file query11.cif (mmCIF, C-alpha atoms)
data_run
#
loop_
_atom_site.label_atom_id
_atom_site.label_comp_id
_atom_site.auth_asym_id
_atom_site.auth_seq_id
_atom_site.Cartn_x
_atom_site.Cartn_y
_atom_site.Cartn_z
CA MET Y 1 104.39 92.67 114.21
CA ASN Y 2 101.85 94.30 111.91
CA ARG Y 3 102.96 97.91 111.37
CA VAL Y 4 102.96 100.03 108.23
CA ILE Y 5 104.06 103.61 107.57
CA LEU Y 6 103.01 105.31 104.33
CA MET Y 7 103.44 108.73 102.81
CA GLY Y 8 101.33 109.68 99.82
CA ARG Y 9 98.74 112.02 98.37
CA LEU Y 10 95.02 111.73 98.83
CA THR Y 11 93.33 110.75 95.57
CA ARG Y 12 90.08 112.42 96.68
CA ASP Y 13 88.50 113.95 99.79
CA PRO Y 14 87.87 111.42 102.58
CA GLU Y 15 84.46 109.76 102.61
CA VAL Y 16 83.08 109.86 106.15
CA ARG Y 17 80.15 108.00 107.66
CA TYR Y 18 79.02 107.75 111.26
CA SER Y 19 78.24 104.50 113.04
CA GLN Y 20 74.87 103.85 114.62
CA GLY Y 21 74.32 103.11 118.27
CA GLU Y 22 74.70 104.65 121.66
CA ARG Y 23 77.97 106.39 120.81
CA SER Y 24 78.22 107.53 117.20
CA MET Y 25 81.74 107.16 115.75
CA ALA Y 26 83.24 108.69 112.60
CA ILE Y 27 84.60 106.24 110.05
CA ALA Y 28 86.68 107.95 107.35
CA ARG Y 29 87.84 106.14 104.22
CA TYR Y 30 90.34 107.53 101.77
CA THR Y 31 92.92 106.35 99.27
CA LEU Y 32 96.58 107.32 99.25
CA ALA Y 33 98.62 107.35 96.05
CA VAL Y 34 102.03 106.18 97.27
CA ASP Y 35 104.95 106.54 94.86
CA ARG Y 36 107.09 103.48 94.28
CA ARG Y 37 110.78 103.94 94.92
CA GLY Y 38 113.35 103.16 92.28
CA ARG Y 39 112.91 102.74 88.59
CA ALA Y 40 109.84 100.92 87.32
CA ARG Y 41 110.62 97.96 85.12
CA GLY Y 42 109.21 98.33 81.67
CA ASN Y 43 107.51 95.60 79.71
CA GLN Y 44 108.48 94.48 76.20
CA ASP Y 45 106.80 97.54 74.67
CA GLY Y 46 108.89 99.89 76.82
CA ASP Y 47 105.86 100.89 78.92
CA GLN Y 48 107.00 101.92 82.39
CA GLY Y 49 103.65 100.90 83.90
CA GLN Y 50 102.22 102.05 87.20
CA THR Y 51 104.61 104.11 89.34
CA ALA Y 52 102.31 104.45 92.36
CA ASP Y 53 100.28 102.13 94.54
CA PHE Y 54 96.79 103.11 95.65
CA ILE Y 55 96.29 102.12 99.27
CA ASN Y 56 92.90 102.12 101.00
CA ILE Y 57 92.99 103.78 104.42
CA VAL Y 58 90.38 103.64 107.23
CA ALA Y 59 90.40 106.01 110.21
CA PHE Y 60 88.04 105.59 113.16
CA ASP Y 61 86.64 107.95 115.79
CA ARG Y 62 88.77 111.08 116.38
CA ALA Y 63 91.18 110.14 113.60
CA GLY Y 64 88.17 109.92 111.27
CA GLU Y 65 86.89 113.31 112.41
CA PHE Y 66 90.37 114.78 111.88
CA ALA Y 67 90.53 113.39 108.33
CA GLU Y 68 87.06 114.76 107.57
CA LYS Y 69 87.92 118.22 108.85
CA TYR Y 70 91.46 118.71 107.53
CA PHE Y 71 92.31 116.29 104.69
CA ARG Y 72 91.59 117.24 101.08
CA GLN Y 73 92.35 115.75 97.69
CA GLY Y 74 96.00 116.11 96.69
CA MET Y 75 97.37 116.74 100.18
CA ARG Y 76 100.46 114.76 101.10
CA VAL Y 77 99.98 112.95 104.39
CA LEU Y 78 101.86 110.48 106.56
CA VAL Y 79 99.90 107.52 107.93
CA SER Y 80 100.96 104.76 110.31
CA GLY Y 81 98.82 101.84 111.30
CA ARG Y 82 98.25 98.16 110.66
CA ILE Y 83 97.28 96.19 107.58
CA GLN Y 84 93.96 94.40 107.76
CA THR Y 85 92.75 91.90 105.19
CA GLY Y 86 89.30 90.51 104.69
CA SER Y 87 86.93 89.05 102.15
CA TYR Y 88 83.26 89.01 101.23
CA THR Y 89 81.00 87.53 98.57
CA ASN Y 90 79.62 90.11 96.13
CA ARG Y 91 76.18 90.07 94.49
CA GLU Y 92 77.47 87.95 91.62
CA GLY Y 93 78.61 85.29 94.09
CA GLN Y 94 82.31 86.01 93.56
CA ARG Y 95 84.76 86.15 96.45
CA VAL Y 96 86.31 89.63 96.81
CA TYR Y 97 89.47 90.09 98.88
CA THR Y 98 90.22 93.40 100.60
CA THR Y 99 93.36 94.98 102.04
CA GLU Y 100 93.35 98.26 103.93
CA VAL Y 101 95.40 100.16 106.48
CA ILE Y 102 93.71 100.89 109.81
CA VAL Y 103 95.06 104.23 111.09
CA ASP Y 104 96.88 104.57 114.39
CA ASP Y 105 98.41 107.97 113.56
CA GLN Y 106 98.04 110.38 110.65
CA GLU Y 107 99.53 113.79 110.02
CA PHE Y 108 100.34 116.33 107.34
CA ALA Y 109 103.55 115.58 105.44
CA ASP Y 110 103.92 119.09 104.01
CA GLY Y 111 104.03 122.42 105.79
CA LYS Y 112 101.18 124.86 105.34
CA ASN Y 113 103.18 127.03 102.95
CA SER Y 114 105.28 124.39 101.20
CA GLY Y 115 104.45 125.85 97.82
CA SER Y 116 107.25 124.59 95.61
CA GLY Y 117 104.80 124.74 92.73
CA ASP Y 118 104.92 120.95 92.37
CA ASN Y 119 101.57 119.42 93.12
CA GLY Y 120 102.67 115.95 92.14
CA GLY Y 121 100.14 115.78 89.33
CA TYR Y 122 97.29 115.02 91.71
CA GLY Y 123 95.31 118.19 91.15
CA TYR Y 124 95.78 119.76 94.58
CA GLN Y 125 96.19 123.49 94.50
CA PRO Y 126 96.49 125.09 97.93
CA THR Y 127 93.86 127.73 98.48
CA SER Y 128 94.25 130.75 100.66
CA ARG Y 129 91.73 130.69 103.47
CA PRO Y 130 91.05 133.60 105.76
CA ALA Y 131 92.43 133.18 109.25
CA PRO Y 132 89.82 132.38 111.90
CA SER Y 133 88.50 135.42 113.73
CA ASN Y 134 90.26 134.35 116.93
CA ALA Y 135 93.65 133.80 115.22
CA ILE Y 136 96.72 135.53 116.57
CA GLY Y 137 99.35 137.15 114.36
CA ASP Y 138 101.15 133.93 113.41
CA GLY Y 139 97.99 132.32 111.97
CA PHE Y 140 97.37 130.00 114.92
CA MET Y 141 94.18 130.13 116.94
CA ASN Y 142 94.16 131.03 120.61
CA ILE Y 143 93.11 128.03 122.67
CA PRO Y 144 90.46 128.92 125.21
CA ASP Y 145 91.16 128.25 128.88
CA GLY Y 146 89.79 124.96 130.16
CA VAL Y 147 90.32 123.00 126.92
CA GLU Y 148 92.11 119.73 127.58
CA ASP Y 149 95.01 118.61 125.37
CA GLU Y 150 93.03 115.48 124.43
CA GLY Y 151 90.47 117.65 122.63
CA LEU Y 152 93.05 119.11 120.27
CA PRO Y 153 93.57 117.50 116.86
CA PHE Y 154 97.39 117.44 117.20
CA ASN Y 155 99.65 115.65 119.64
#
call {"tool": "encode", "arguments": {"input": "query11.cif", "output": "structure tokens"}}
result
Amino acid sequence: MNRVILMGRLTRDPEVRYSQGERSMAIARYTLAVDRRGRARGNQDGDQGQTADFINIVAFDRAGEFAEKYFRQGMRVLVSGRIQTGSYTNREGQRVYTTEVIVDDQEFADGKNSGSGDNGGYGYQPTSRPAPSNAIGDGFMNIPDGVEDEGLPFN
């Protein structure tokens, strides 16, 4: 079984491109900084070394559109999917090996107002955005009649 679940912070805004062809599809790429659990082993100089892994993530179609619309640098997100490896030959003729997670599900790991003041050192500072003009008192938008559940970005 090839299944991975990660929680981390986006190192930058997702990069989104659209495929060519009869049905254009969003392809979002982003990197998650995922903290390592436990204490990092130091080397002889006492250097603790890297305490996070940087995992490449790819989201297709609606998941890609969702990432483009809602994900921003520094946000903590939860991703589940499968690991995919590959390789290619670069311009210098060297073999380059790749590893990335292909998204099945992705969601926010923090609440909208989870302002504990700790941004994890990744530079994300929540900004206050005005509520949409059709928002009701609790900050959520009214969903127009006739919109199917499949069209909504959340399950």
call {"tool": "resolve_selection", "arguments": {"input": "query11.cif", "expression": "the PyMOL selection byres ((chain Y and resi 81) around 10)", "output": "VMD selection string"}}
result
chain Y and resid 2 to 6 57 to 59 79 to 80 82 to 84 100 to 106
call {"tool": "write_last_selection", "arguments": {"input": "query11.cif", "atoms": "C-alpha atoms", "output": "compact mmCIF listing (two decimals), keeping the file's coordinate frame"}}
result
# COMPACT_ATOMS: atom_id res chain seq x y z
CA ASN Y 2 101.85 94.30 111.91
CA ARG Y 3 102.96 97.91 111.37
CA VAL Y 4 102.96 100.03 108.23
CA ILE Y 5 104.06 103.61 107.57
CA LEU Y 6 103.01 105.31 104.33
CA ILE Y 57 92.99 103.78 104.42
CA VAL Y 58 90.38 103.64 107.23
CA ALA Y 59 90.40 106.01 110.21
CA VAL Y 79 99.90 107.52 107.93
CA SER Y 80 100.96 104.76 110.31
CA ARG Y 82 98.25 98.16 110.66
CA ILE Y 83 97.28 96.19 107.58
CA GLN Y 84 93.96 94.40 107.76
CA GLU Y 100 93.35 98.26 103.93
CA VAL Y 101 95.40 100.16 106.48
CA ILE Y 102 93.71 100.89 109.81
CA VAL Y 103 95.06 104.23 111.09
CA ASP Y 104 96.88 104.57 114.39
CA ASP Y 105 98.41 107.97 113.56
CA GLN Y 106 98.04 110.38 110.65
call {"tool": "resolve_selection", "arguments": {"input": "query11.cif", "expression": "the PyMOL selection byres ((chain Y and resi 107) around 6)", "output": "PyMOL selection string"}}
result
chain Y and resi 77-78+106+108
call {"tool": "atom_distance", "arguments": {"input": "query11.cif", "atom1": "atom CA of Ala67 of chain Y", "atom2": "atom CA of Tyr88 of chain Y"}}
result
26.4 Å
call {"tool": "atom_distance", "arguments": {"input": "query11.cif", "atom1": "atom CA of Asp61 of chain Y", "atom2": "atom CA of Thr89 of chain Y"}}
result
27.3 Å
call {"tool": "atom_distance", "arguments": {"input": "query11.cif", "atom1": "atom CA of Arg37 of chain Y", "atom2": "atom CA of Ala63 of chain Y"}}
result
27.8 Å
call {"tool": "closest_residue", "arguments": {"input": "query11.cif", "among": "Y:Arg62, Y:Arg95, Y:Lys69, Y:Ala52", "to": "Ser24 of chain Y", "atoms": "all atoms listed in the file"}}
result
Y:Arg62
call {"tool": "closest_residue", "arguments": {"input": "query11.cif", "among": "Y:Arg76, Y:Met1, Y:Thr31, Y:Thr51", "to": "Thr99 of chain Y", "atoms": "all atoms listed in the file"}}
result
Y:Thr31
call {"tool": "residues_near_point", "arguments": {"input": "query11.cif", "point": "(89.3, 112.7, 109.1)", "cutoff": "9 Å", "atoms": "all atoms listed in the file", "output": "number ranges by chain"}}
result
Y: 14-16, 26-29, 59-71
